[in-house]
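Okay, entry_11.pdb is below, PDB, C-alpha atoms:
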```
ATOM      1  CA  MET A   1      72.108 118.640  79.588
ATOM      2  CA  GLU A   2      70.460 119.091  82.963
ATOM      3  CA  LEU A   3      72.432 118.993  86.183
ATOM      4  CA  LEU A   4      70.490 115.978  87.394
ATOM      5  CA  ASP A   5      71.618 114.057  84.301
ATOM      6  CA  ILE A   6      75.242 114.671  85.288
ATOM      7  CA  ILE A   7      74.890 114.029  89.011
ATOM      8  CA  LYS A   8      74.523 110.259  88.917
ATOM      9  CA  PRO A   9      76.585 107.649  90.787
ATOM     10  CA  GLU A  10      78.106 106.275  87.560
ATOM     11  CA  ASN A  11      79.456 109.729  86.639
ATOM     12  CA  LYS A  12      81.190 110.337  89.966
ATOM     13  CA  VAL A  13      84.899 111.038  89.462
ATOM     14  CA  PHE A  14      85.888 112.424  92.837
ATOM     15  CA  SER A  15      84.601 112.204  96.389
ATOM     16  CA  LYS A  16      85.828 111.598  99.908
ATOM     17  CA  THR A  17      87.790 108.373 100.179
ATOM     18  CA  GLU A  18      86.560 105.359 102.137
ATOM     19  CA  ALA A  19      89.817 105.491 104.123
ATOM     20  CA  MET A  20      88.565 108.602 105.919
ATOM     21  CA  THR A  21      85.801 108.389 108.507
ATOM     22  CA  ASP A  22      82.669 110.515 108.344
ATOM     23  CA  THR A  23      83.827 112.526 111.362
ATOM     24  CA  CYS A  24      84.034 116.229 110.573
ATOM     25  CA  LEU A  25      87.676 117.374 110.681
ATOM     26  CA  SER A  26      88.464 119.500 113.719
ATOM     27  CA  TYR A  27      90.876 121.779 111.846
ATOM     28  CA  CYS A  28      90.366 125.463 111.120
ATOM     29  CA  PRO A  29      88.829 126.342 107.732
ATOM     30  CA  GLY A  30      91.452 126.124 104.981
ATOM     31  CA  CYS A  31      94.045 124.252 107.050
ATOM     32  CA  GLY A  32      96.503 122.153 105.036
ATOM     33  CA  HIS A  33      96.240 119.328 107.571
ATOM     34  CA  GLY A  34      92.872 118.291 106.124
ATOM     35  CA  THR A  35      94.247 118.100 102.591
ATOM     36  CA  ALA A  36      97.331 116.209 103.787
ATOM     37  CA  HIS A  37      95.174 113.704 105.717
ATOM     38  CA  ASN A  38      92.962 113.114 102.718
ATOM     39  CA  LEU A  39      95.814 112.771 100.233
ATOM     40  CA  ALA A  40      97.586 110.219 102.423
ATOM     41  CA  MET A  41      94.411 108.213 102.899
ATOM     42  CA  GLU A  42      93.550 108.397  99.182
ATOM     43  CA  VAL A  43      96.957 106.863  98.446
ATOM     44  CA  VAL A  44      96.313 104.130 101.022
ATOM     45  CA  ALA A  45      92.882 103.402  99.517
ATOM     46  CA  GLU A  46      94.196 103.390  95.937
ATOM     47  CA  MET A  47      96.962 100.972  96.858
ATOM     48  CA  GLY A  48      94.395  98.703  98.537
ATOM     49  CA  ILE A  49      96.288  98.608 101.822
ATOM     50  CA  ILE A  50      93.653  99.941 104.217
ATOM     51  CA  GLN A  51      93.771  96.694 106.185
ATOM     52  CA  ASP A  52      97.576  96.673 106.314
ATOM     53  CA  THR A  53      98.336 100.272 107.221
ATOM     54  CA  ILE A  54      99.081 101.417 110.751
ATOM     55  CA  GLY A  55      99.398 105.101 111.513
ATOM     56  CA  VAL A  56     100.962 106.850 114.473
ATOM     57  CA  ALA A  57      99.354 110.146 115.437
ATOM     58  CA  PRO A  58     101.497 112.771 117.152
ATOM     59  CA  VAL A  59     100.765 115.471 119.686
ATOM     60  CA  GLY A  60      99.640 118.695 118.075
ATOM     61  CA  CYS A  61      96.727 119.779 115.926
ATOM     62  CA  SER A  62      96.717 116.364 114.251
ATOM     63  CA  VAL A  63      96.486 114.489 117.566
ATOM     64  CA  LEU A  64      92.940 113.475 116.630
ATOM     65  CA  ALA A  65      94.062 111.939 113.332
ATOM     66  CA  TYR A  66      92.970 108.540 114.648
ATOM     67  CA  ASP A  67      89.397 109.818 114.645
ATOM     68  CA  PHE A  68      89.587 110.884 111.022
ATOM     69  CA  MET A  69      91.605 108.127 109.367
ATOM     70  CA  ASN A  70      89.668 104.914 108.888
ATOM     71  CA  ILE A  71      92.683 102.663 109.512
ATOM     72  CA  ASP A  72      94.427 101.182 112.535
ATOM     73  CA  MET A  73      96.103 103.950 114.474
ATOM     74  CA  THR A  74      97.871 104.569 117.713
ATOM     75  CA  GLN A  75      99.047 107.699 119.394
ATOM     76  CA  ALA A  76     102.529 108.414 120.686
ATOM     77  CA  ALA A  77     103.933 110.638 123.399
ATOM     78  CA  HIS A  78     104.997 114.078 122.193
ATOM     79  CA  GLY A  79     107.676 113.657 119.521
ATOM     80  CA  ARG A  80     108.060 109.908 120.003
ATOM     81  CA  ALA A  81     106.035 108.797 116.989
ATOM     82  CA  PRO A  82     109.105 107.500 115.042
ATOM     83  CA  ALA A  83     110.097 105.370 118.069
ATOM     84  CA  VAL A  84     106.598 103.875 118.312
ATOM     85  CA  ALA A  85     106.528 103.345 114.537
ATOM     86  CA  THR A  86     109.920 101.596 114.786
ATOM     87  CA  ALA A  87     108.460  99.077 117.221
ATOM     88  CA  ILE A  88     105.367  98.469 115.095
ATOM     89  CA  SER A  89     107.297  98.009 111.865
ATOM     90  CA  ARG A  90     109.792  95.640 113.513
ATOM     91  CA  LEU A  91     107.028  93.507 115.018
ATOM     92  CA  TRP A  92     104.965  93.549 111.821
ATOM     93  CA  PRO A  93     107.483  93.923 108.981
ATOM     94  CA  GLU A  94     104.794  93.324 106.340
ATOM     95  CA  LYS A  95     102.615  96.243 107.514
ATOM     96  CA  TYR A  96     102.730  99.772 106.150
ATOM     97  CA  VAL A  97     103.606 102.011 109.059
ATOM     98  CA  PHE A  98     103.562 105.774 108.900
ATOM     99  CA  THR A  99     103.829 108.648 111.329
ATOM    100  CA  TYR A 100     102.025 111.921 110.820
ATOM    101  CA  GLN A 101     103.772 114.740 112.639
ATOM    102  CA  GLY A 102     103.817 118.504 112.811
ATOM    103  CA  ASP A 103     106.866 120.709 113.059
ATOM    104  CA  GLY A 104     106.596 121.260 116.796
ATOM    105  CA  ASP A 105     106.416 117.510 117.313
ATOM    106  CA  LEU A 106     109.013 116.323 114.819
ATOM    107  CA  ALA A 107     111.485 119.211 114.716
ATOM    108  CA  ALA A 108     111.469 120.291 118.364
ATOM    109  CA  ILE A 109     110.733 117.743 121.076
ATOM    110  CA  GLY A 110     111.099 114.740 118.771
ATOM    111  CA  THR A 111     114.340 115.674 117.008
ATOM    112  CA  ALA A 112     116.313 112.848 118.620
ATOM    113  CA  GLU A 113     113.733 110.179 117.783
ATOM    114  CA  THR A 114     113.389 111.465 114.224
ATOM    115  CA  ILE A 115     117.096 111.628 113.511
ATOM    116  CA  HIS A 116     117.875 108.231 115.030
ATOM    117  CA  ALA A 117     114.938 106.516 113.299
ATOM    118  CA  CYS A 118     116.173 108.035 110.031
ATOM    119  CA  ASN A 119     119.735 106.989 110.777
ATOM    120  CA  ARG A 120     118.667 103.404 111.472
ATOM    121  CA  GLY A 121     116.656 103.383 108.260
ATOM    122  CA  GLU A 122     113.478 101.913 109.707
ATOM    123  CA  ASN A 123     110.955 100.832 107.097
ATOM    124  CA  ILE A 124     108.397 103.573 107.768
ATOM    125  CA  VAL A 125     106.934 106.666 106.146
ATOM    126  CA  ILE A 126     107.236 109.960 107.991
ATOM    127  CA  ILE A 127     104.739 112.630 106.942
ATOM    128  CA  PHE A 128     105.980 115.939 108.298
ATOM    129  CA  VAL A 129     103.551 118.841 108.110
ATOM    130  CA  ASN A 130     105.495 122.088 108.422
ATOM    131  CA  ASN A 131     103.480 125.233 109.089
ATOM    132  CA  GLY A 132     106.188 127.204 110.862
ATOM    133  CA  ILE A 133     104.343 127.573 114.145
ATOM    134  CA  TYR A 134     102.880 125.688 117.093
ATOM    135  CA  GLY A 135      99.295 125.748 115.904
ATOM    136  CA  MET A 136      97.381 123.919 118.616
ATOM    137  CA  THR A 137      98.836 125.675 121.642
ATOM    138  CA  GLY A 138      98.278 129.206 120.374
ATOM    139  CA  GLY A 139     100.829 130.126 117.734
ATOM    140  CA  GLN A 140     104.114 130.007 119.634
ATOM    141  CA  MET A 141     107.461 130.128 117.820
ATOM    142  CA  ALA A 142     108.574 126.760 116.474
ATOM    143  CA  PRO A 143     112.051 125.708 115.249
ATOM    144  CA  THR A 144     110.746 126.181 111.713
ATOM    145  CA  THR A 145     109.405 129.713 112.253
ATOM    146  CA  LEU A 146     110.886 131.989 109.610
ATOM    147  CA  LYS A 147     113.296 134.814 110.355
ATOM    148  CA  GLY A 148     111.365 137.950 111.301
ATOM    149  CA  MET A 149     108.079 136.041 111.486
ATOM    150  CA  LYS A 150     105.801 137.116 114.287
ATOM    151  CA  SER A 151     104.365 134.570 116.686
ATOM    152  CA  SER A 152     102.911 134.800 120.177
ATOM    153  CA  THR A 153     106.354 134.166 121.732
ATOM    154  CA  SER A 154     108.261 136.306 119.205
ATOM    155  CA  PRO A 155     106.014 139.373 118.959
ATOM    156  CA  PHE A 156     108.764 141.448 117.290
ATOM    157  CA  GLY A 157     109.662 138.723 114.823
ATOM    158  CA  ARG A 158     112.110 135.836 115.172
ATOM    159  CA  GLN A 159     115.658 137.061 115.761
ATOM    160  CA  GLU A 160     118.349 134.757 114.415
ATOM    161  CA  GLU A 161     121.023 135.952 116.847
ATOM    162  CA  LEU A 162     118.794 134.912 119.732
ATOM    163  CA  THR A 163     117.058 131.779 118.487
ATOM    164  CA  GLY A 164     119.071 130.575 115.500
ATOM    165  CA  ALA A 165     117.955 130.054 111.949
ATOM    166  CA  PRO A 166     114.845 128.051 110.995
ATOM    167  CA  ILE A 167     115.716 124.375 110.772
ATOM    168  CA  LYS A 168     115.403 122.588 107.440
ATOM    169  CA  MET A 169     114.583 119.092 108.661
ATOM    170  CA  THR A 170     114.262 117.440 105.282
ATOM    171  CA  GLU A 171     117.708 118.566 104.121
ATOM    172  CA  LEU A 172     119.085 117.497 107.502
ATOM    173  CA  VAL A 173     117.712 113.954 107.464
ATOM    174  CA  ALA A 174     118.406 113.497 103.733
ATOM    175  CA  ASN A 175     122.093 113.318 104.604
ATOM    176  CA  LEU A 176     121.552 110.259 106.795
ATOM    177  CA  PRO A 177     122.264 106.875 105.193
ATOM    178  CA  GLY A 178     118.996 105.226 106.284
ATOM    179  CA  VAL A 179     116.824 107.704 104.382
ATOM    180  CA  TYR A 180     115.790 106.374 100.988
ATOM    181  CA  TYR A 181     113.458 109.125  99.879
ATOM    182  CA  ALA A 182     113.208 112.714 101.121
ATOM    183  CA  THR A 183     110.986 115.269  99.498
ATOM    184  CA  ARG A 184     109.258 118.557 100.237
ATOM    185  CA  GLN A 185     105.768 119.232  98.915
ATOM    186  CA  ALA A 186     102.872 121.630  99.483
ATOM    187  CA  VAL A 187      99.091 121.258  99.308
ATOM    188  CA  HIS A 188      97.719 124.787  98.934
ATOM    189  CA  THR A 189      96.874 124.547  95.200
ATOM    190  CA  HIS A 190      95.650 121.720  92.986
ATOM    191  CA  LYS A 191      99.036 121.393  91.233
ATOM    192  CA  HIS A 192     100.933 121.098  94.496
ATOM    193  CA  ALA A 193      98.343 118.733  95.970
ATOM    194  CA  ARG A 194      98.592 116.381  92.988
ATOM    195  CA  LYS A 195     102.401 116.391  93.225
ATOM    196  CA  ALA A 196     102.202 115.750  96.966
ATOM    197  CA  LYS A 197      99.918 112.787  96.325
ATOM    198  CA  LYS A 198     102.455 111.318  93.896
ATOM    199  CA  ALA A 199     105.201 111.779  96.477
ATOM    200  CA  LEU A 200     103.104 110.049  99.144
ATOM    201  CA  LYS A 201     102.398 107.184  96.766
ATOM    202  CA  LYS A 202     106.103 106.801  96.104
ATOM    203  CA  ALA A 203     106.754 106.807  99.843
ATOM    204  CA  PHE A 204     104.279 103.977 100.499
ATOM    205  CA  GLU A 205     105.681 102.060  97.499
ATOM    206  CA  ASN A 206     109.117 102.309  99.116
ATOM    207  CA  THR A 207     107.652 100.750 102.262
ATOM    208  CA  ARG A 208     106.271  97.901 100.181
ATOM    209  CA  LEU A 209     109.789  97.314  98.834
ATOM    210  CA  HIS A 210     111.368  97.586 102.342
ATOM    211  CA  LYS A 211     113.698 100.371 101.267
ATOM    212  CA  GLY A 212     113.911 102.338 104.508
ATOM    213  CA  ILE A 213     112.673 105.719 105.617
ATOM    214  CA  SER A 214     110.601 107.827 103.257
ATOM    215  CA  PHE A 215     110.425 111.363 104.582
ATOM    216  CA  VAL A 216     107.700 113.537 103.057
ATOM    217  CA  GLU A 217     107.586 117.134 104.239
ATOM    218  CA  ILE A 218     104.402 119.057 103.457
ATOM    219  CA  VAL A 219     104.659 122.835 103.767
ATOM    220  CA  SER A 220     101.275 123.960 105.013
ATOM    221  CA  ASN A 221      99.550 127.114 106.109
ATOM    222  CA  CYS A 222      98.305 127.917 109.600
ATOM    223  CA  ASN A 223      95.885 130.730 108.977
ATOM    224  CA  SER A 224      94.763 130.979 112.616
ATOM    225  CA  GLY A 225      98.330 131.061 113.921
ATOM    226  CA  TRP A 226      99.480 133.460 111.236
ATOM    227  CA  LYS A 227      96.375 135.635 111.856
ATOM    228  CA  MET A 228      95.294 135.667 108.205
ATOM    229  CA  SER A 229      92.387 134.475 106.106
ATOM    230  CA  PRO A 230      92.928 131.089 104.382
ATOM    231  CA  LEU A 231      93.509 132.715 100.978
ATOM    232  CA  GLU A 232      95.875 135.359 102.396
ATOM    233  CA  SER A 233      97.825 132.685 104.235
ATOM    234  CA  ASN A 234      98.262 130.709 101.012
ATOM    235  CA  VAL A 235      99.690 133.790  99.284
ATOM    236  CA  TRP A 236     101.977 134.412 102.252
ATOM    237  CA  LEU A 237     103.050 130.763 102.179
ATOM    238  CA  GLU A 238     103.923 130.991  98.503
ATOM    239  CA  GLU A 239     105.937 134.210  98.962
ATOM    240  CA  ASN A 240     107.726 133.490 102.233
ATOM    241  CA  MET A 241     107.631 129.829 103.278
ATOM    242  CA  LEU A 242     108.412 128.457  99.821
ATOM    243  CA  ALA A 243     111.296 130.928  99.431
ATOM    244  CA  TYR A 244     113.027 129.414 102.461
ATOM    245  CA  TYR A 245     111.690 125.863 102.069
ATOM    246  CA  PRO A 246     111.989 125.188  98.318
ATOM    247  CA  LEU A 247     109.775 122.391  97.030
ATOM    248  CA  GLY A 248     110.983 119.284  95.268
ATOM    249  CA  ASP A 249     112.750 115.981  95.810
ATOM    250  CA  ILE A 250     115.895 116.160  97.917
ATOM    251  CA  LYS A 251     116.856 112.489  97.965
ATOM    252  CA  VAL A 252     115.503 109.898  95.535
ATOM    253  CA  ASN A 253     116.303 106.176  95.597
ATOM    254  CA  GLY A 254     118.949 106.717  98.248
ATOM    255  CA  LYS A 255     120.842 109.317  96.217
ATOM    256  CA  LEU A 256     121.004 113.021  97.042
ATOM    257  CA  LYS A 257     119.860 115.294  94.228
ATOM    258  CA  LYS A 258     122.422 117.895  93.285
TER
ATOM    259  CA  MET B   1      80.491 123.276  73.009
ATOM    260  CA  ALA B   2      82.626 121.592  75.568
ATOM    261  CA  LYS B   3      83.326 117.918  75.132
ATOM    262  CA  VAL B   4      82.919 117.184  78.809
ATOM    263  CA  LYS B   5      80.412 118.541  81.246
ATOM    264  CA  GLY B   6      80.844 118.446  84.970
ATOM    265  CA  ALA B   7      79.047 119.236  88.150
ATOM    266  CA  ILE B   8      79.955 119.468  91.790
ATOM    267  CA  VAL B   9      77.901 118.628  94.834
ATOM    268  CA  VAL B  10      78.915 120.435  98.003
ATOM    269  CA  ASP B  11      78.136 118.935 101.378
ATOM    270  CA  SER B  12      76.877 122.170 102.901
ATOM    271  CA  GLU B  13      77.305 120.964 106.486
ATOM    272  CA  THR B  14      80.923 119.827 105.968
ATOM    273  CA  CYS B  15      82.043 122.911 104.032
ATOM    274  CA  LYS B  16      83.810 125.446 106.240
ATOM    275  CA  GLY B  17      83.805 128.261 103.708
ATOM    276  CA  CYS B  18      87.594 128.613 103.446
ATOM    277  CA  GLU B  19      87.249 129.667  99.772
ATOM    278  CA  ILE B  20      90.394 127.789  98.685
ATOM    279  CA  CYS B  21      88.357 126.139  95.902
ATOM    280  CA  ILE B  22      87.486 129.495  94.300
ATOM    281  CA  PRO B  23      90.899 130.522  92.814
ATOM    282  CA  VAL B  24      91.817 126.990  91.671
ATOM    283  CA  CYS B  25      88.720 126.686  89.461
ATOM    284  CA  PRO B  26      89.822 127.377  85.853
ATOM    285  CA  GLU B  27      86.248 128.142  84.772
ATOM    286  CA  ASN B  28      85.436 130.381  87.734
ATOM    287  CA  VAL B  29      82.387 128.333  88.670
ATOM    288  CA  ILE B  30      82.404 128.432  92.457
ATOM    289  CA  ARG B  31      81.129 131.134  94.791
ATOM    290  CA  MET B  32      80.083 131.237  98.441
ATOM    291  CA  THR B  33      76.434 131.354  99.397
ATOM    292  CA  PRO B  34      75.130 134.393 101.312
ATOM    293  CA  GLN B  35      73.401 132.093 103.786
ATOM    294  CA  VAL B  36      75.304 130.030 106.362
ATOM    295  CA  ASN B  37      75.207 126.407 107.455
ATOM    296  CA  ARG B  38      74.555 125.158 110.988
ATOM    297  CA  LYS B  39      78.113 125.975 112.057
ATOM    298  CA  GLY B  40      77.834 129.515 110.724
ATOM    299  CA  TYR B  41      80.036 129.111 107.653
ATOM    300  CA  HIS B  42      79.155 130.317 104.170
ATOM    301  CA  TYR B  43      79.431 127.310 101.887
ATOM    302  CA  ALA B  44      80.438 126.799  98.272
ATOM    303  CA  TYR B  45      77.980 126.448  95.398
ATOM    304  CA  MET B  46      78.078 126.515  91.607
ATOM    305  CA  GLU B  47      77.456 130.083  90.422
ATOM    306  CA  ASN B  48      77.503 129.178  86.715
ATOM    307  CA  PRO B  49      77.027 125.397  86.524
ATOM    308  CA  GLU B  50      77.108 125.229  82.723
ATOM    309  CA  ALA B  51      80.847 126.141  82.693
ATOM    310  CA  CYS B  52      81.968 123.284  84.976
ATOM    311  CA  THR B  53      84.191 120.694  83.282
ATOM    312  CA  GLY B  54      84.577 118.334  86.226
ATOM    313  CA  CYS B  55      88.360 118.837  86.426
ATOM    314  CA  THR B  56      88.414 117.918  90.177
ATOM    315  CA  ASN B  57      90.738 120.829  91.056
ATOM    316  CA  CYS B  58      88.295 122.035  93.712
ATOM    317  CA  GLY B  59      87.935 118.555  95.159
ATOM    318  CA  ILE B  60      91.636 117.890  95.580
ATOM    319  CA  VAL B  61      92.340 121.161  97.420
ATOM    320  CA  CYS B  62      89.280 120.933  99.657
ATOM    321  CA  PRO B  63      90.656 120.180 103.140
ATOM    322  CA  ASP B  64      87.331 118.746 104.278
ATOM    323  CA  ARG B  65      86.509 116.871 101.065
ATOM    324  CA  ALA B  66      83.116 118.534 101.059
ATOM    325  CA  ILE B  67      83.052 118.507  97.237
ATOM    326  CA  SER B  68      82.060 115.518  95.109
ATOM    327  CA  VAL B  69      82.741 115.891  91.387
ATOM    328  CA  TYR B  70      80.721 114.351  88.536
ATOM    329  CA  ARG B  71      81.694 114.322  84.867
ATOM    330  CA  VAL B  72      80.114 113.093  81.621
ATOM    331  CA  LYS B  73      81.297 113.082  78.033
ATOM    332  CA  VAL B  74      79.026 114.961  75.675
ATOM    333  CA  SER B  75      79.053 113.840  72.062
TER
END
```

This entry written out as structure tokens:
Amino acid sequence: MELLDIIKPENKVFSKTEAMTDTCLSYCPGCGHGTAHNLAMEVVAEMGIIQDTIGVAPVGCSVLAYDFMNIDMTQAAHGRAPAVATAISRLWPEKYVFTYQGDGDLAAIGTAETIHACNRGENIVIIFVNNGIYGMTGGQMAPTTLKGMKSSTSPFGRQEELTGAPIKMTELVANLPGVYYATRQAVHTHKHARKAKKALKKAFENTRLHKGISFVEIVSNCNSGWKMSPLESNVWLEENMLAYYPLGDIKVNGKLKK
Amino acid sequence: MAKVKGAIVVDSETCKGCEICIPVCPENVIRMTPQVNRKGYHYAYMENPEACTGCTNCGIVCPDRAISVYRVKVS
């Protein structure tokens, strides 16, 4: 069978979703942000809720998410995306509202907004992309930077006695009563990406059922910030990040997993 | 003979040459071209197209969704 016999529109099984615009993503080659964007938008397209989804972009690498996602979007002040999403979901309770935040946005400057939105149990989805570093501003140390990990503001590695231990946001918010679903996923291989897509689908289903906060953490690489090639950074992620941030569901249907 | 045959089409201008699709391919189909696109990135192509099964592994890990996957059943 010739290649041209296979490459026909009726045989297409996978391509870029209509919920993403044709704009070329501004991320570095191999960045997990692109995969996370696409997975979230594929879920939105598959559920047929493109017209009813409103996203809130944060400050950080993903600040331009409104250019890439072909849905209604707004942009919040640094860390305040859960507060903006609270307002949107209260004014339009039937809409699917999600925030897309990085670790510098959600776990540092926006900790208060995140924790209180989770405590109130707003009916939103929070997608938290954790790459252990401030990517956009030049690789500074973030609250999620691992112990001993080098960054531009911790050139000798993060010292716990000086800066504390890396914060596990998902475990932290899972203990709050308003959180209905908390999970940690990754997107660096096909198996992890498929699992992450299922988790995102579950999160948006929870919004449909008005269950409260669905908190989906996605452990990602930052090959520019970590000063590695994309493939090296994925190996490093598997060996180091996943050892400290174990993958899996932490809270399902309002019940903590033991 | 395989029961399904697949093929991928890479958007050479969107591909950033991150090579993440190479290790996830179970049939070891994908390689990077020696030439570069307009942005200066080497881009993915099918080195041995007859082995592709259209499993979509490469598509789902591609951050830029530069890969479209096609699949047909062969009787």

Resolved residues for the PyMOL selection byres ((chain A) within 10 of (chain B)) as a PyMOL selection string | chain A and resi 1-17+20+22-39+187-194+197+229-231+234

Evaluate the PyMOL selection byres ((chain A and resi 214-228) around 6) and report residues as a PDB file with C-alpha atoms, in the frame of the given file:
```pdb
ATOM      1  CA  GLY A  32      96.503 122.153 105.036  1.00  0.00           C
ATOM      2  CA  VAL A 125     106.934 106.666 106.146  1.00  0.00           C
ATOM      3  CA  ILE A 126     107.236 109.960 107.991  1.00  0.00           C
ATOM      4  CA  ILE A 127     104.739 112.630 106.942  1.00  0.00           C
ATOM      5  CA  PHE A 128     105.980 115.939 108.298  1.00  0.00           C
ATOM      6  CA  VAL A 129     103.551 118.841 108.110  1.00  0.00           C
ATOM      7  CA  ASN A 130     105.495 122.088 108.422  1.00  0.00           C
ATOM      8  CA  ASN A 131     103.480 125.233 109.089  1.00  0.00           C
ATOM      9  CA  GLY A 135      99.295 125.748 115.904  1.00  0.00           C
ATOM     10  CA  GLY A 139     100.829 130.126 117.734  1.00  0.00           C
ATOM     11  CA  TYR A 180     115.790 106.374 100.988  1.00  0.00           C
ATOM     12  CA  TYR A 181     113.458 109.125  99.879  1.00  0.00           C
ATOM     13  CA  ALA A 182     113.208 112.714 101.121  1.00  0.00           C
ATOM     14  CA  THR A 183     110.986 115.269  99.498  1.00  0.00           C
ATOM     15  CA  ARG A 184     109.258 118.557 100.237  1.00  0.00           C
ATOM     16  CA  GLN A 185     105.768 119.232  98.915  1.00  0.00           C
ATOM     17  CA  ALA A 186     102.872 121.630  99.483  1.00  0.00           C
ATOM     18  CA  ALA A 203     106.754 106.807  99.843  1.00  0.00           C
ATOM     19  CA  ILE A 213     112.673 105.719 105.617  1.00  0.00           C
ATOM     20  CA  SER A 229      92.387 134.475 106.106  1.00  0.00           C
ATOM     21  CA  PRO A 230      92.928 131.089 104.382  1.00  0.00           C
ATOM     22  CA  GLU A 232      95.875 135.359 102.396  1.00  0.00           C
ATOM     23  CA  SER A 233      97.825 132.685 104.235  1.00  0.00           C
TER      24      SER A 233
END
```

List, as an NGL selection string, every residue that the PyMOL selection byres ((chain A and resi 142) around 8) selects in the file provided.
-> :A and (103-104 or 108 or 132-134 or 140-141 or 143-145)

Would you save the residues of that selection, restricted to C-alpha atoms, as a short mmCIF file (atom, residue, chain, number, x, y, z; two decimals), in the frame of the given file?
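Once written, part-v2.cif looks like this:
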```cif
data_model
loop_
_atom_site.label_atom_id
_atom_site.label_comp_id
_atom_site.auth_asym_id
_atom_site.auth_seq_id
_atom_site.Cartn_x
_atom_site.Cartn_y
_atom_site.Cartn_z
CA ASP A 103 106.87 120.71 113.06
CA GLY A 104 106.60 121.26 116.80
CA ALA A 108 111.47 120.29 118.36
CA GLY A 132 106.19 127.20 110.86
CA ILE A 133 104.34 127.57 114.14
CA TYR A 134 102.88 125.69 117.09
CA GLN A 140 104.11 130.01 119.63
CA MET A 141 107.46 130.13 117.82
CA PRO A 143 112.05 125.71 115.25
CA THR A 144 110.75 126.18 111.71
CA THR A 145 109.40 129.71 112.25
#
```

Report the distance between CA of Gly138 (chain A) and CA of Leu64 (chain A) in Å, rounded to one decimal place.
-> 17.0 Å

Please, what distance in Å, to one decimal, runs between CA of Gly55 (chain A) and CA of Met69 (chain A)?
->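 Between CA of Gly55 (chain A) and CA of Met69 (chain A) the gap works out to 8.6 Å.
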
Sel. within 9 Å of pt (103.3, 115.8, 119.6), counting all atoms listed in the file, output as a ChimeraX atom specification | /A:57-63,76-81,101-106,109-110

Take CA of Met46 (chain B) and CA of Met41 (chain A) and report the distance between them in Å, one decimal.
->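 Between CA of Met46 (chain B) and CA of Met41 (chain A) the gap is 27.0 Å.
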
Close residues, Tyr43 (chain B) itself excluded, 8 Å, all atoms listed in the file, min 4 positions apart in chain, as a compact mmCIF listing (two decimals) with C-alpha atoms, keeping the file's coordinate frame:
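Heads up, here's the output in part02.txt:
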```
# COMPACT_ATOMS: atom_id res chain seq x y z
CA VAL B 10 78.92 120.44 98.00
CA SER B 12 76.88 122.17 102.90
CA CYS B 15 82.04 122.91 104.03
CA LYS B 16 83.81 125.45 106.24
CA GLY B 17 83.80 128.26 103.71
CA MET B 32 80.08 131.24 98.44
CA THR B 33 76.43 131.35 99.40
CA GLN B 35 73.40 132.09 103.79
CA VAL B 36 75.30 130.03 106.36
CA ASN B 37 75.21 126.41 107.46
```

Return the padded bounding box of region 39-50 of chain A as JSON: axis-aligned, built from all atoms listed in the file, 6 Å added on each side, with centre and edge lengths in Å to one decimal.
```
{"center_x": 95.2, "center_y": 105.7, "center_z": 100.1, "size_x": 16.7, "size_y": 26.2, "size_z": 20.3}
```
